[in-house]
$ cat model_5.csv   # CSV, C-alpha atoms and all ligand atoms
chain,number,residue,atom,x,y,z
J,1,MET,CA,-7.0,21.7,-17.1
J,2,THR,CA,-7.3,19.6,-14.0
J,3,HIS,CA,-7.8,21.7,-10.9
J,4,ILE,CA,-5.2,21.3,-8.1
J,5,HIS,CA,-6.6,21.2,-4.5
J,6,SER,CA,-5.2,24.3,-2.7
J,7,ASP,CA,-3.5,22.1,-0.1
J,8,LEU,CA,-1.6,20.4,-2.9
J,9,GLN,CA,-0.1,23.5,-4.5
J,10,ARG,CA,3.0,23.4,-2.4
J,11,PHE,CA,3.6,19.7,-3.0
J,12,ASN,CA,4.1,20.2,-6.7
J,13,PRO,CA,5.9,18.7,-8.6
J,14,VAL,CA,6.2,15.1,-7.4
J,15,THR,CA,9.0,12.7,-8.3
J,16,VAL,CA,7.9,9.0,-8.4
J,17,ILE,CA,10.8,6.6,-8.0
J,18,GLY,CA,10.2,3.1,-9.4
J,19,ALA,CA,7.6,2.4,-12.1
J,20,GLY,CA,6.3,-1.0,-10.9
J,21,THR,CA,2.9,-1.9,-9.5
J,22,ILE,CA,2.9,0.7,-6.8
J,23,GLY,CA,4.9,3.5,-8.5
J,24,LEU,CA,2.6,3.6,-11.5
J,25,SER,CA,-0.5,3.6,-9.4
J,26,TRP,CA,0.8,6.5,-7.3
J,27,ALA,CA,1.8,8.4,-10.4
J,28,THR,CA,-1.7,8.0,-11.8
J,29,LEU,CA,-3.3,9.3,-8.6
J,30,PHE,CA,-0.9,12.3,-8.5
J,31,LEU,CA,-1.6,13.2,-12.2
J,32,ALA,CA,-5.4,12.8,-11.7
J,33,HIS,CA,-5.2,15.4,-9.0
J,34,GLY,CA,-3.5,17.9,-11.3
J,35,LEU,CA,0.1,17.4,-10.1
J,36,THR,CA,3.2,17.4,-12.3
J,37,VAL,CA,4.9,14.0,-12.1
J,38,ARG,CA,8.5,13.0,-12.9
J,39,LEU,CA,8.7,9.2,-13.1
J,40,PHE,CA,12.2,7.7,-12.6
J,41,ASP,CA,13.1,4.0,-13.2
J,42,PRO,CA,16.3,2.4,-14.6
J,43,ARG,CA,14.3,-0.3,-16.5
J,44,THR,CA,14.9,-0.3,-20.2
J,45,ASP,CA,11.3,-0.9,-21.2
J,46,LEU,CA,10.0,2.1,-19.2
J,47,GLN,CA,8.2,3.9,-22.0
J,48,GLU,CA,6.4,0.7,-23.0
J,49,VAL,CA,5.4,-0.1,-19.4
J,50,VAL,CA,4.1,3.4,-18.9
J,51,ASP,CA,2.1,3.4,-22.2
J,52,GLN,CA,0.6,0.0,-21.4
J,53,HIS,CA,-0.4,1.2,-17.9
J,54,PHE,CA,-2.1,4.4,-19.0
J,55,LYS,CA,-4.0,2.5,-21.8
J,56,SER,CA,-5.6,0.2,-19.2
J,57,ILE,CA,-6.3,2.6,-16.3
J,58,GLY,CA,-9.0,4.8,-17.8
J,59,SER,CA,-12.0,2.7,-16.6
J,60,THR,CA,-10.7,2.7,-13.0
J,61,LEU,CA,-10.2,6.5,-13.1
J,62,SER,CA,-13.7,7.0,-14.5
J,63,LEU,CA,-15.2,4.7,-11.8
J,64,LEU,CA,-13.4,6.8,-9.2
J,65,GLY,CA,-14.8,10.0,-10.7
J,66,LEU,CA,-11.3,11.2,-11.5
J,67,PRO,CA,-10.1,12.8,-14.8
J,68,GLU,CA,-8.7,10.4,-17.3
J,69,ASN,CA,-7.0,12.7,-19.8
J,70,GLY,CA,-4.5,15.5,-20.1
J,71,PHE,CA,-1.8,13.6,-18.3
J,72,GLU,CA,0.9,13.7,-21.0
J,73,LEU,CA,1.7,17.4,-20.6
J,74,ARG,CA,2.4,16.9,-16.9
J,75,LEU,CA,4.2,13.6,-17.0
J,76,SER,CA,7.9,13.1,-17.8
J,77,ILE,CA,9.7,9.8,-17.5
J,78,GLY,CA,13.4,8.8,-17.5
J,79,ASP,CA,16.4,7.1,-16.1
J,80,ASP,CA,18.3,10.1,-14.9
J,81,LEU,CA,17.9,10.4,-11.2
J,82,GLN,CA,19.3,13.9,-10.8
J,83,GLN,CA,17.0,15.3,-13.6
J,84,ALA,CA,14.0,13.6,-12.0
J,85,ILE,CA,14.6,14.9,-8.6
J,86,THR,CA,15.9,18.5,-8.9
J,87,GLY,CA,13.2,20.9,-7.8
J,88,ALA,CA,10.8,18.2,-6.6
J,89,ALA,CA,8.6,19.2,-3.7
J,90,VAL,CA,7.7,15.5,-2.8
J,91,ILE,CA,9.5,12.3,-3.6
J,92,GLN,CA,7.5,9.0,-3.4
J,93,GLU,CA,9.9,6.1,-3.6
J,94,ASN,CA,8.7,2.7,-4.8
J,95,GLY,CA,11.9,0.8,-5.7
J,96,PRO,CA,12.4,-2.9,-4.8
J,97,GLU,CA,11.9,-3.9,-1.1
J,98,LYS,CA,15.7,-4.2,-0.3
J,99,LEU,CA,17.2,-2.2,2.5
J,100,GLU,CA,20.6,-1.6,0.9
J,101,LEU,CA,19.0,-0.4,-2.4
J,102,LYS,CA,16.7,2.0,-0.6
J,103,GLN,CA,19.5,3.3,1.7
J,104,GLN,CA,21.6,4.0,-1.4
J,105,LEU,CA,18.7,5.6,-3.2
J,106,PHE,CA,18.0,8.0,-0.4
J,107,THR,CA,21.6,9.0,0.1
J,108,ASP,CA,21.8,9.7,-3.7
J,109,ILE,CA,18.5,11.6,-3.6
J,110,GLU,CA,19.8,13.7,-0.7
J,111,SER,CA,22.5,15.2,-2.9
J,112,TYR,CA,20.0,16.7,-5.4
J,113,ILE,CA,17.2,18.0,-3.3
J,114,ASN,CA,16.5,21.2,-1.4
J,115,PRO,CA,16.0,20.9,2.4
J,116,HIS,CA,12.2,21.3,2.2
J,117,THR,CA,11.5,18.3,-0.1
J,118,LEU,CA,9.3,15.7,1.6
J,119,LEU,CA,10.8,12.3,1.3
J,120,LEU,CA,8.4,9.4,1.4
J,121,SER,CA,9.0,5.7,0.9
J,122,SER,CA,6.2,3.2,0.0
J,123,SER,CA,8.1,0.4,1.8
J,124,SER,CA,5.9,-2.4,3.2
J,125,THR,CA,8.2,-3.4,6.0
J,126,ILE,CA,11.4,-1.4,6.3
J,127,PRO,CA,11.3,1.3,8.9
J,128,ALA,CA,12.3,4.9,7.9
J,129,SER,CA,15.1,4.9,10.6
J,130,ASP,CA,16.8,2.1,8.7
J,131,ILE,CA,16.3,3.5,5.2
J,132,SER,CA,17.6,6.9,6.3
J,133,ALA,CA,20.5,5.5,8.3
J,134,SER,CA,23.2,7.0,6.2
J,135,MET,CA,21.5,10.3,5.3
J,136,LYS,CA,23.0,13.5,6.6
J,137,ASP,CA,19.5,15.1,7.2
J,138,LYS,CA,16.9,12.4,8.2
J,139,SER,CA,14.3,14.9,9.3
J,140,ARG,CA,12.2,15.0,6.1
J,141,MET,CA,12.2,11.2,5.5
J,142,LEU,CA,9.4,8.9,6.5
J,143,ILE,CA,7.2,6.0,5.3
J,144,GLY,CA,4.0,6.5,3.3
J,145,HIS,CA,2.9,2.9,2.9
J,146,PRO,CA,-0.1,2.5,0.7
J,147,PHE,CA,-2.4,-0.5,0.4
J,148,ASN,CA,-2.3,-1.8,-3.2
J,149,PRO,CA,-3.4,-0.2,-5.5
J,150,PRO,CA,-2.8,3.3,-4.0
J,151,LEU,CA,-5.0,4.8,-6.7
J,152,VAL,CA,-8.0,3.0,-5.3
J,153,MET,CA,-7.4,2.0,-1.6
J,154,PRO,CA,-7.9,4.8,0.9
J,155,LEU,CA,-5.3,3.7,3.5
J,156,VAL,CA,-1.8,5.1,3.7
J,157,GLU,CA,0.3,4.2,6.8
J,158,VAL,CA,2.4,7.2,7.7
J,159,VAL,CA,5.3,5.9,9.8
J,160,PRO,CA,7.9,8.4,11.0
J,161,GLY,CA,11.5,7.3,11.9
J,162,LYS,CA,13.3,8.3,15.0
J,163,PHE,CA,14.7,11.4,13.4
J,164,THR,CA,11.6,12.5,11.3
J,165,SER,CA,10.4,16.0,12.3
J,166,ASN,CA,6.8,16.7,13.4
J,167,GLU,CA,6.6,19.1,10.5
J,168,ALA,CA,7.4,16.4,7.9
J,169,VAL,CA,4.8,14.1,9.5
J,170,GLU,CA,2.1,16.9,9.4
J,171,ASP,CA,3.1,17.5,5.7
J,172,ALA,CA,2.7,13.8,4.8
J,173,LEU,CA,-0.7,13.6,6.5
J,174,LEU,CA,-1.8,16.8,4.7
J,175,PHE,CA,-0.5,15.6,1.3
J,176,TYR,CA,-2.3,12.3,1.4
J,177,LYS,CA,-5.5,13.8,2.7
J,178,ALA,CA,-5.6,16.4,-0.1
J,179,LEU,CA,-5.3,13.4,-2.5
J,180,GLY,CA,-8.4,11.9,-1.0
J,181,LYS,CA,-6.6,9.2,0.9
J,182,ALA,CA,-7.1,8.1,4.5
J,183,PRO,CA,-3.6,8.4,6.1
J,184,GLN,CA,-3.1,6.8,9.5
J,185,LEU,CA,-0.2,7.8,11.7
J,186,ILE,CA,1.5,4.7,13.1
J,187,ARG,CA,3.0,5.5,16.5
J,188,LYS,CA,6.0,3.1,16.7
J,189,GLU,CA,8.2,1.6,14.1
J,190,VAL,CA,7.5,-2.1,13.9
J,191,PHE,CA,8.3,-4.6,11.1
J,192,GLY,CA,5.4,-4.8,8.7
J,193,PHE,CA,3.6,-1.8,10.2
J,194,VAL,CA,-0.1,-2.5,11.1
J,195,ALA,CA,-2.3,-3.4,8.1
J,196,ASN,CA,0.1,-6.1,6.8
J,197,ARG,CA,0.7,-7.6,10.2
J,198,LEU,CA,-3.0,-8.0,10.7
J,199,GLN,CA,-3.5,-9.3,7.2
J,200,PHE,CA,-0.6,-11.8,7.4
J,201,ALA,CA,-1.8,-13.1,10.8
J,202,MET,CA,-5.1,-14.1,9.3
J,203,LEU,CA,-3.6,-15.4,6.0
J,204,ARG,CA,-1.3,-17.7,8.0
J,205,GLU,CA,-4.4,-19.4,9.5
J,206,ALA,CA,-6.3,-19.4,6.3
J,207,MET,CA,-3.4,-21.1,4.4
J,208,TYR,CA,-3.0,-23.6,7.3
J,209,LEU,CA,-6.7,-24.5,7.2
J,210,VAL,CA,-6.6,-25.0,3.4
J,211,ASP,CA,-3.4,-27.0,3.6
J,212,GLU,CA,-4.9,-29.2,6.3
J,213,GLY,CA,-7.9,-29.9,4.0
J,214,VAL,CA,-10.3,-28.3,6.5
J,215,VAL,CA,-11.8,-26.0,3.9
J,216,LYS,CA,-11.4,-25.4,0.1
J,217,MET,CA,-9.5,-22.2,-0.9
J,218,GLU,CA,-12.4,-20.6,-2.7
J,219,ASP,CA,-14.7,-21.4,0.3
J,220,VAL,CA,-12.4,-19.4,2.6
J,221,ASP,CA,-13.2,-16.4,0.4
J,222,GLU,CA,-16.9,-17.0,0.7
J,223,ILE,CA,-16.7,-17.5,4.5
J,224,VAL,CA,-14.8,-14.2,5.0
J,225,LYS,CA,-16.9,-12.2,2.5
J,226,ASP,CA,-20.1,-13.4,4.2
J,227,SER,CA,-18.9,-12.7,7.8
J,228,ILE,CA,-15.8,-11.1,9.0
J,229,GLY,CA,-15.2,-9.1,5.8
J,230,LEU,CA,-18.7,-7.6,5.8
J,231,ARG,CA,-18.6,-6.8,9.5
J,232,TRP,CA,-15.1,-5.4,9.5
J,233,ALA,CA,-15.8,-3.2,6.5
J,234,ALA,CA,-18.6,-1.6,8.6
J,235,SER,CA,-17.1,-1.4,12.1
J,236,GLY,CA,-13.5,-2.6,12.0
J,237,PRO,CA,-12.3,-5.5,14.2
J,238,MET,CA,-12.0,-3.6,17.5
J,239,LEU,CA,-15.3,-1.9,17.6
J,240,GLY,CA,-16.7,-5.2,16.2
J,241,MET,CA,-15.3,-6.9,19.3
J,242,HIS,CA,-16.7,-4.1,21.6
J,243,LEU,CA,-20.1,-4.6,20.1
J,244,GLY,CA,-19.8,-8.4,20.4
J,245,GLY,CA,-19.8,-8.0,24.1
J,246,GLY,CA,-23.3,-6.6,24.1
J,247,HIS,CA,-23.9,-3.8,26.6
J,248,GLY,CA,-20.8,-4.8,28.6
J,249,GLY,CA,-18.7,-4.0,25.6
J,250,MET,CA,-15.1,-5.1,25.1
J,251,GLU,CA,-14.6,-6.0,28.7
J,252,ALA,CA,-17.6,-8.4,28.7
J,253,PHE,CA,-16.4,-9.9,25.4
J,254,MET,CA,-12.9,-10.6,26.8
J,255,ARG,CA,-14.3,-12.0,30.1
J,256,HIS,CA,-16.8,-14.2,28.2
J,257,LEU,CA,-14.7,-15.3,25.2
J,258,GLY,CA,-11.2,-14.7,26.3
J,259,SER,CA,-10.4,-18.3,27.3
J,260,THR,CA,-12.0,-19.6,24.1
J,261,MET,CA,-9.8,-17.2,22.1
J,262,GLU,CA,-6.7,-18.4,23.9
J,263,LYS,CA,-7.7,-22.1,23.1
J,264,SER,CA,-8.2,-21.1,19.4
J,265,TRP,CA,-4.8,-19.3,19.4
J,266,ALA,CA,-3.1,-22.4,20.8
J,267,ALA,CA,-4.8,-24.5,18.1
J,268,GLN,CA,-3.7,-22.3,15.2
J,269,GLY,CA,-1.2,-23.4,12.7
J,270,ASN,CA,2.3,-22.2,12.3
J,271,LEU,CA,2.8,-22.6,8.6
J,272,MET,CA,6.2,-22.0,7.1
J,273,MET,CA,6.7,-20.8,3.5
J,274,ASN,CA,8.9,-23.7,2.4
J,275,GLU,CA,8.9,-25.3,-1.1
J,276,GLU,CA,6.4,-28.1,-0.2
J,277,VAL,CA,3.8,-25.8,1.3
J,278,ILE,CA,4.2,-23.3,-1.6
J,279,SER,CA,3.8,-26.0,-4.2
J,280,ARG,CA,0.8,-27.6,-2.4
J,281,LEU,CA,-1.0,-24.3,-2.0
J,282,ALA,CA,-0.2,-23.2,-5.6
J,283,THR,CA,-1.8,-26.4,-6.9
J,284,LYS,CA,-4.9,-25.7,-4.9
J,285,SER,CA,-5.0,-22.1,-6.0
J,286,ARG,CA,-5.0,-23.2,-9.7
J,287,GLU,CA,-7.8,-25.7,-9.0
J,288,SER,CA,-9.8,-22.9,-7.3
J,289,TYR,CA,-9.2,-19.9,-9.6
J,290,ASN,CA,-8.0,-21.0,-13.0
J,291,HIS,CA,-11.6,-20.9,-14.5
J,292,LYS,CA,-10.9,-17.1,-15.0
J,293,THR,CA,-7.7,-15.3,-15.9
J,294,ILE,CA,-5.9,-13.1,-13.3
J,295,ASP,CA,-7.0,-10.0,-15.2
J,296,GLU,CA,-10.6,-11.1,-15.2
J,297,HIS,CA,-10.6,-11.8,-11.5
J,298,ALA,CA,-8.9,-8.5,-10.8
J,299,GLN,CA,-11.4,-6.6,-12.9
J,300,ILE,CA,-14.3,-8.1,-11.0
J,301,ARG,CA,-12.6,-7.4,-7.7
J,302,ASP,CA,-11.9,-3.8,-8.7
J,303,GLN,CA,-15.5,-3.2,-9.6
J,304,LYS,CA,-16.8,-4.7,-6.4
J,305,GLN,CA,-14.3,-2.8,-4.3
J,306,MET,CA,-15.2,0.5,-5.9
J,307,ALA,CA,-18.9,-0.2,-5.4
J,308,ILE,CA,-18.2,-0.8,-1.7
J,309,LEU,CA,-16.0,2.3,-1.5
J,310,LYS,CA,-18.9,4.4,-2.8
J,311,VAL,CA,-21.2,3.4,0.0
J,312,ARG,CA,-18.8,3.5,3.0
J,313,ASP,CA,-18.3,6.6,5.0
L,401,LIG,N1,2.9,-4.7,-4.3
L,401,LIG,C1,2.3,-4.3,-3.2
L,401,LIG,O1,1.2,-4.9,-2.9
L,401,LIG,C2,2.9,-3.3,-2.3
L,401,LIG,C3,2.0,-2.6,-1.5
L,401,LIG,C4,2.5,-1.5,-0.7
L,401,LIG,C5,3.8,-1.2,-0.8
L,401,LIG,N2,4.7,-1.9,-1.6
L,401,LIG,C6,6.1,-1.4,-1.6
L,401,LIG,O2,6.3,-0.6,-2.8
L,401,LIG,C7,7.6,-0.8,-3.3
L,401,LIG,C8,7.5,-1.2,-4.7
L,401,LIG,O3,6.8,-2.4,-4.8
L,401,LIG,P1,6.2,-2.9,-6.2
L,401,LIG,O4,5.2,-4.0,-5.8
L,401,LIG,O5,5.7,-1.8,-7.0
L,401,LIG,O6,7.5,-3.6,-6.9
L,401,LIG,P2,7.8,-3.8,-8.4
L,401,LIG,O7,8.8,-4.9,-8.5
L,401,LIG,O8,6.5,-3.9,-9.2
L,401,LIG,O9,8.4,-2.4,-8.9
L,401,LIG,C9,9.7,-2.0,-8.5
L,401,LIG,C10,10.3,-1.1,-9.6
L,401,LIG,O10,11.5,-0.6,-9.1
L,401,LIG,C11,12.4,-0.4,-10.2
L,401,LIG,N3,13.8,-0.4,-9.7
L,401,LIG,C12,14.7,-1.3,-9.7
L,401,LIG,N4,15.9,-0.8,-9.2
L,401,LIG,C13,15.6,0.5,-9.0
L,401,LIG,C14,16.4,1.6,-8.5
L,401,LIG,N5,17.7,1.4,-8.2
L,401,LIG,N6,15.9,2.8,-8.4
L,401,LIG,C15,14.6,3.0,-8.7
L,401,LIG,N7,13.8,2.0,-9.2
L,401,LIG,C16,14.3,0.8,-9.3
L,401,LIG,C17,12.1,-1.7,-11.0
L,401,LIG,O11,12.5,-1.5,-12.4
L,401,LIG,C18,10.6,-1.8,-10.9
L,401,LIG,O12,9.9,-1.1,-12.0
L,401,LIG,C19,8.3,-1.8,-2.3
L,401,LIG,O13,9.0,-1.1,-1.4
L,401,LIG,C20,7.1,-2.5,-1.7
L,401,LIG,O14,7.4,-3.0,-0.4
L,401,LIG,C21,4.2,-2.9,-2.4
$ encode --input "model_5.csv" --output "structure tokens"
Amino acid sequence: MTHIHSDLQRFNPVTVIGAGTIGLSWATLFLAHGLTVRLFDPRTDLQEVVDQHFKSIGSTLSLLGLPENGFELRLSIGDDLQQAITGAAVIQENGPEKLELKQQLFTDIESYINPHTLLLSSSSTIPASDISASMKDKSRMLIGHPFNPPLVMPLVEVVPGKFTSNEAVEDALLFYKALGKAPQLIRKEVFGFVANRLQFAMLREAMYLVDEGVVKMEDVDEIVKDSIGLRWAASGPMLGMHLGGGHGGMEAFMRHLGSTMEKSWAAQGNLMMNEEVISRLATKSRESYNHKTIDEHAQIRDQKQMAILKVRD
């Protein structure tokens, strides 16, 4: 039987709401750490989707050094929300990214839980204060936003709402740490939180440069992997900047390169996601990547990511 970390005992069982990309990955992580999981999703092909997922996830679990077997006895699936939720210590919600749907889900959830249940949403953009708006008790609800796939990626952005209690924040941090994740407390509710805001800022410029014909799509990947990606995986962008200033640190960097950065910001593109742009970039992506299937690319990426994870601190 899989051993449960002592810090995880009081977070058992977990209800996972939504069995899409993120929900299935969370469910796998929870099961691999010995937790009992109830998986809720109204989709009619739920059993099929779950079977397919667990058939293909074994090699990733083994690369992560996590157990691959014995999950069936601790996993139940279904489309009855009350049954899935009653008695849960933690709920990790992964339904579609729609405010009204999440608001309704959490008001429904509230009628079946005990007051100590920790209520987490994987939402990528919607603040907990908005999701919990019509709940009677908002104190145990907050965002636990993973980077896809949560089974592999260390980061979870923990974002409390205006009414989230300190105790719930501490519990969320403890829960994710005990699962081997690297939770980060985000100190203000902003749209898109932090990781995606940073990622999307850079993607906007990358897409603009490709659209303008400055660089080929696949060459952007090589440029980033051979420079920024490598540096940032080791130091992060801010320490990277501090070190870029030599012994004068961040201040020297800003005094030396600040005006150049401003010129570069002014020159950057402001791409909009309209039909023409989407169709031009989609064509370029097929030219760049169609020599392998999505699954083949994903498998190579996963292997490389896990090799990098093994050597980072
Ligand atoms: N995909 C990502 O990269 C990513 C990363 C981090 C966070 N997120 C967030 O995770 C959440 C789920 O995203 P996803 O990519 O897994 O989406 P997805 O479309 O793959 O899965 C959503 C699932 O929710 C189910 N669903 C539909 N209505 C529901 C309801 N009323 N109650 C419960 N489940 C319902 C669907 O059947 C589907 O299985 C979103 O809030 C998203 O913002 C996504």
$ closest_atom_pairs --input "model_5.csv" --of "chain J" --to "ligand LIG 401 (chain L)" --cutoff "8 Å" --atoms "all atoms listed in the file" --output "tab-separated table"
residue	atom	partner	partner_atom	distance
J:Ile17	CA	L:LIG401	C15	5.3
J:Gly18	CA	L:LIG401	N7	3.8
J:Ala19	CA	L:LIG401	O12	4.2
J:Gly20	CA	L:LIG401	O9	3.2
J:Thr21	CA	L:LIG401	O5	3.8
J:Ile22	CA	L:LIG401	O5	3.8
J:Gly23	CA	L:LIG401	O5	5.6
J:Leu24	CA	L:LIG401	O5	7.7
J:Phe40	CA	L:LIG401	C15	6.6
J:Asp41	CA	L:LIG401	N7	4.5
J:Pro42	CA	L:LIG401	O11	5.9
J:Arg43	CA	L:LIG401	O11	4.6
J:Leu46	CA	L:LIG401	O12	7.9
J:Glu93	CA	L:LIG401	C7	7.3
J:Asn94	CA	L:LIG401	C7	4.0
J:Gly95	CA	L:LIG401	O10	3.7
J:Pro96	CA	L:LIG401	C9	4.7
J:Glu97	CA	L:LIG401	O13	4.0
J:Lys98	CA	L:LIG401	O13	7.5
J:Leu101	CA	L:LIG401	N5	6.2
J:Lys102	CA	L:LIG401	N5	7.7
J:Leu105	CA	L:LIG401	N6	6.5
J:Ser121	CA	L:LIG401	O13	7.2
J:Ser122	CA	L:LIG401	O2	4.7
J:Ser123	CA	L:LIG401	O13	3.6
J:Ser124	CA	L:LIG401	O14	3.9
J:Thr125	CA	L:LIG401	O14	6.5
J:Ile126	CA	L:LIG401	O14	8.0
J:His145	CA	L:LIG401	C5	5.6
J:Pro146	CA	L:LIG401	C4	5.0
J:Phe147	CA	L:LIG401	C4	5.1
J:Asn148	CA	L:LIG401	O1	4.7
J:Pro149	CA	L:LIG401	O1	7.1
J:Pro150	CA	L:LIG401	C4	7.9
$ write_last_selection --input "model_5.csv" --atoms "C-alpha atoms" --output "short mmCIF file (atom, residue, chain, number, x, y, z; two decimals), keeping the file's coordinate frame"
data_model
loop_
_atom_site.label_atom_id
_atom_site.label_comp_id
_atom_site.auth_asym_id
_atom_site.auth_seq_id
_atom_site.Cartn_x
_atom_site.Cartn_y
_atom_site.Cartn_z
CA ILE J 17 10.80 6.60 -8.00
CA GLY J 18 10.20 3.10 -9.40
CA ALA J 19 7.60 2.40 -12.10
CA GLY J 20 6.30 -1.00 -10.90
CA THR J 21 2.90 -1.90 -9.50
CA ILE J 22 2.90 0.70 -6.80
CA GLY J 23 4.90 3.50 -8.50
CA LEU J 24 2.60 3.60 -11.50
CA PHE J 40 12.20 7.70 -12.60
CA ASP J 41 13.10 4.00 -13.20
CA PRO J 42 16.30 2.40 -14.60
CA ARG J 43 14.30 -0.30 -16.50
CA LEU J 46 10.00 2.10 -19.20
CA GLU J 93 9.90 6.10 -3.60
CA ASN J 94 8.70 2.70 -4.80
CA GLY J 95 11.90 0.80 -5.70
CA PRO J 96 12.40 -2.90 -4.80
CA GLU J 97 11.90 -3.90 -1.10
CA LYS J 98 15.70 -4.20 -0.30
CA LEU J 101 19.00 -0.40 -2.40
CA LYS J 102 16.70 2.00 -0.60
CA LEU J 105 18.70 5.60 -3.20
CA SER J 121 9.00 5.70 0.90
CA SER J 122 6.20 3.20 0.00
CA SER J 123 8.10 0.40 1.80
CA SER J 124 5.90 -2.40 3.20
CA THR J 125 8.20 -3.40 6.00
CA ILE J 126 11.40 -1.40 6.30
CA HIS J 145 2.90 2.90 2.90
CA PRO J 146 -0.10 2.50 0.70
CA PHE J 147 -2.40 -0.50 0.40
CA ASN J 148 -2.30 -1.80 -3.20
CA PRO J 149 -3.40 -0.20 -5.50
CA PRO J 150 -2.80 3.30 -4.00
#
$ residues_around --input "model_5.csv" --residues "Val158 of chain J" --least-positions-apart "2" --cutoff "12 Å" --atoms "all atoms listed in the file" --output "PyMOL selection string"
chain J and resi 119-124+127-128+141-147+155-156+160-161+164+166+168-177+181-189+193-195
$ closest_residue --input "model_5.csv" --among "J:Leu118, J:Ala27, J:Ile113, J:Ile278" --to "Ser76 of chain J" --atoms "only C-alpha atoms"
J:Ala27
$ atom_distance --input "model_5.csv" --atom1 "atom CA of Gly244 of chain J" --atom2 "atom CA of Arg231 of chain J"
11.1 Å
$ residues_around --input "model_5.csv" --residues "Asp219 of chain J" --least-positions-apart "6" --cutoff "12 Å" --atoms "all atoms listed in the file" --output "PDB file with C-alpha atoms, keeping the file's coordinate frame"
ATOM      1  CA  ALA J 206      -6.300 -19.400   6.300  1.00  0.00           C
ATOM      2  CA  LEU J 209      -6.700 -24.500   7.200  1.00  0.00           C
ATOM      3  CA  VAL J 210      -6.600 -25.000   3.400  1.00  0.00           C
ATOM      4  CA  GLY J 213      -7.900 -29.900   4.000  1.00  0.00           C
ATOM      5  CA  LYS J 225     -16.900 -12.200   2.500  1.00  0.00           C
ATOM      6  CA  ASP J 226     -20.100 -13.400   4.200  1.00  0.00           C
ATOM      7  CA  LYS J 284      -4.900 -25.700  -4.900  1.00  0.00           C
ATOM      8  CA  SER J 285      -5.000 -22.100  -6.000  1.00  0.00           C
ATOM      9  CA  SER J 288      -9.800 -22.900  -7.300  1.00  0.00           C
ATOM     10  CA  TYR J 289      -9.200 -19.900  -9.600  1.00  0.00           C
TER      11      TYR J 289
END
$ atom_distance --input "model_5.csv" --atom1 "atom CA of Glu205 of chain J" --atom2 "atom CA of Asn274 of chain J"
15.7 Å
$ residues_around --input "model_5.csv" --residues "Val37 of chain J" --least-positions-apart "3" --cutoff "10 Å" --atoms "all atoms listed in the file" --output "list in words"
Asn12, Pro13, Val14, Thr15, Val16, Trp26, Ala27, Thr28, Phe30, Leu31, Gly34, Phe40, Phe71, Glu72, Leu73, Arg74, Leu75, Ser76, Ile77, Ala84, Ala88, Val90 and Ile91 of chain J
$ residues_around --input "model_5.csv" --residues "segment 290-305 of chain J" --least-positions-apart "5" --cutoff "9 Å" --atoms "only C-alpha atoms" --output "PyMOL selection string"
chain J and resi 60+63+152-153+285+310
$ closest_atom_pairs --input "model_5.csv" --of "segment 159-243 of chain J" --to "segment 257-266 of chain J" --cutoff "12 Å" --atoms "only C-alpha atoms" --output "Markdown table"
| residue | atom | partner | partner_atom | distance |
| --- | --- | --- | --- | --- |
| J:Ala201 | CA | J:Trp265 | CA | 11.0 |
| J:Met202 | CA | J:Trp265 | CA | 11.4 |
| J:Glu205 | CA | J:Trp265 | CA | 9.9 |
| J:Met241 | CA | J:Leu257 | CA | 10.3 |
| J:His242 | CA | J:Leu257 | CA | 11.9 |
$ atom_distance --input "model_5.csv" --atom1 "atom CA of Thr283 of chain J" --atom2 "atom CA of Ser227 of chain J"
26.4 Å
$ residues_around --input "model_5.csv" --residues "Leu179 of chain J" --least-positions-apart "4" --cutoff "10 Å" --atoms "all atoms listed in the file" --output "JSON, numbers by chain"
{"J": [4, 5, 7, 8, 29, 30, 32, 33, 151, 154, 174, 175]}
$ decode --input "model_5.csv" --residues "segment 277-284 of chain J" --atoms "N, CA and C atoms" --output "short mmCIF file (atom, residue, chain, number, x, y, z; two decimals), in the first residue's frame"
data_model
loop_
_atom_site.label_atom_id
_atom_site.label_comp_id
_atom_site.auth_asym_id
_atom_site.auth_seq_id
_atom_site.Cartn_x
_atom_site.Cartn_y
_atom_site.Cartn_z
N VAL J 277 -4.88 36.68 -37.81
CA VAL J 277 -3.63 36.35 -37.10
C VAL J 277 -3.63 34.86 -36.74
N ILE J 278 -4.75 34.40 -36.20
CA ILE J 278 -4.83 32.99 -35.79
C ILE J 278 -4.56 32.09 -36.99
N SER J 279 -5.16 32.41 -38.12
CA SER J 279 -5.01 31.54 -39.27
C SER J 279 -3.58 31.60 -39.83
N ARG J 280 -2.97 32.79 -39.85
CA ARG J 280 -1.57 32.88 -40.34
C ARG J 280 -0.62 32.08 -39.44
N LEU J 281 -0.79 32.26 -38.13
CA LEU J 281 0.13 31.58 -37.21
C LEU J 281 -0.13 30.07 -37.16
N ALA J 282 -1.39 29.68 -37.34
CA ALA J 282 -1.70 28.24 -37.35
C ALA J 282 -1.02 27.58 -38.54
N THR J 283 -1.04 28.25 -39.70
CA THR J 283 -0.37 27.71 -40.89
C THR J 283 1.12 27.56 -40.61
N LYS J 284 1.72 28.60 -40.03
CA LYS J 284 3.16 28.53 -39.74
C LYS J 284 3.46 27.42 -38.74
#
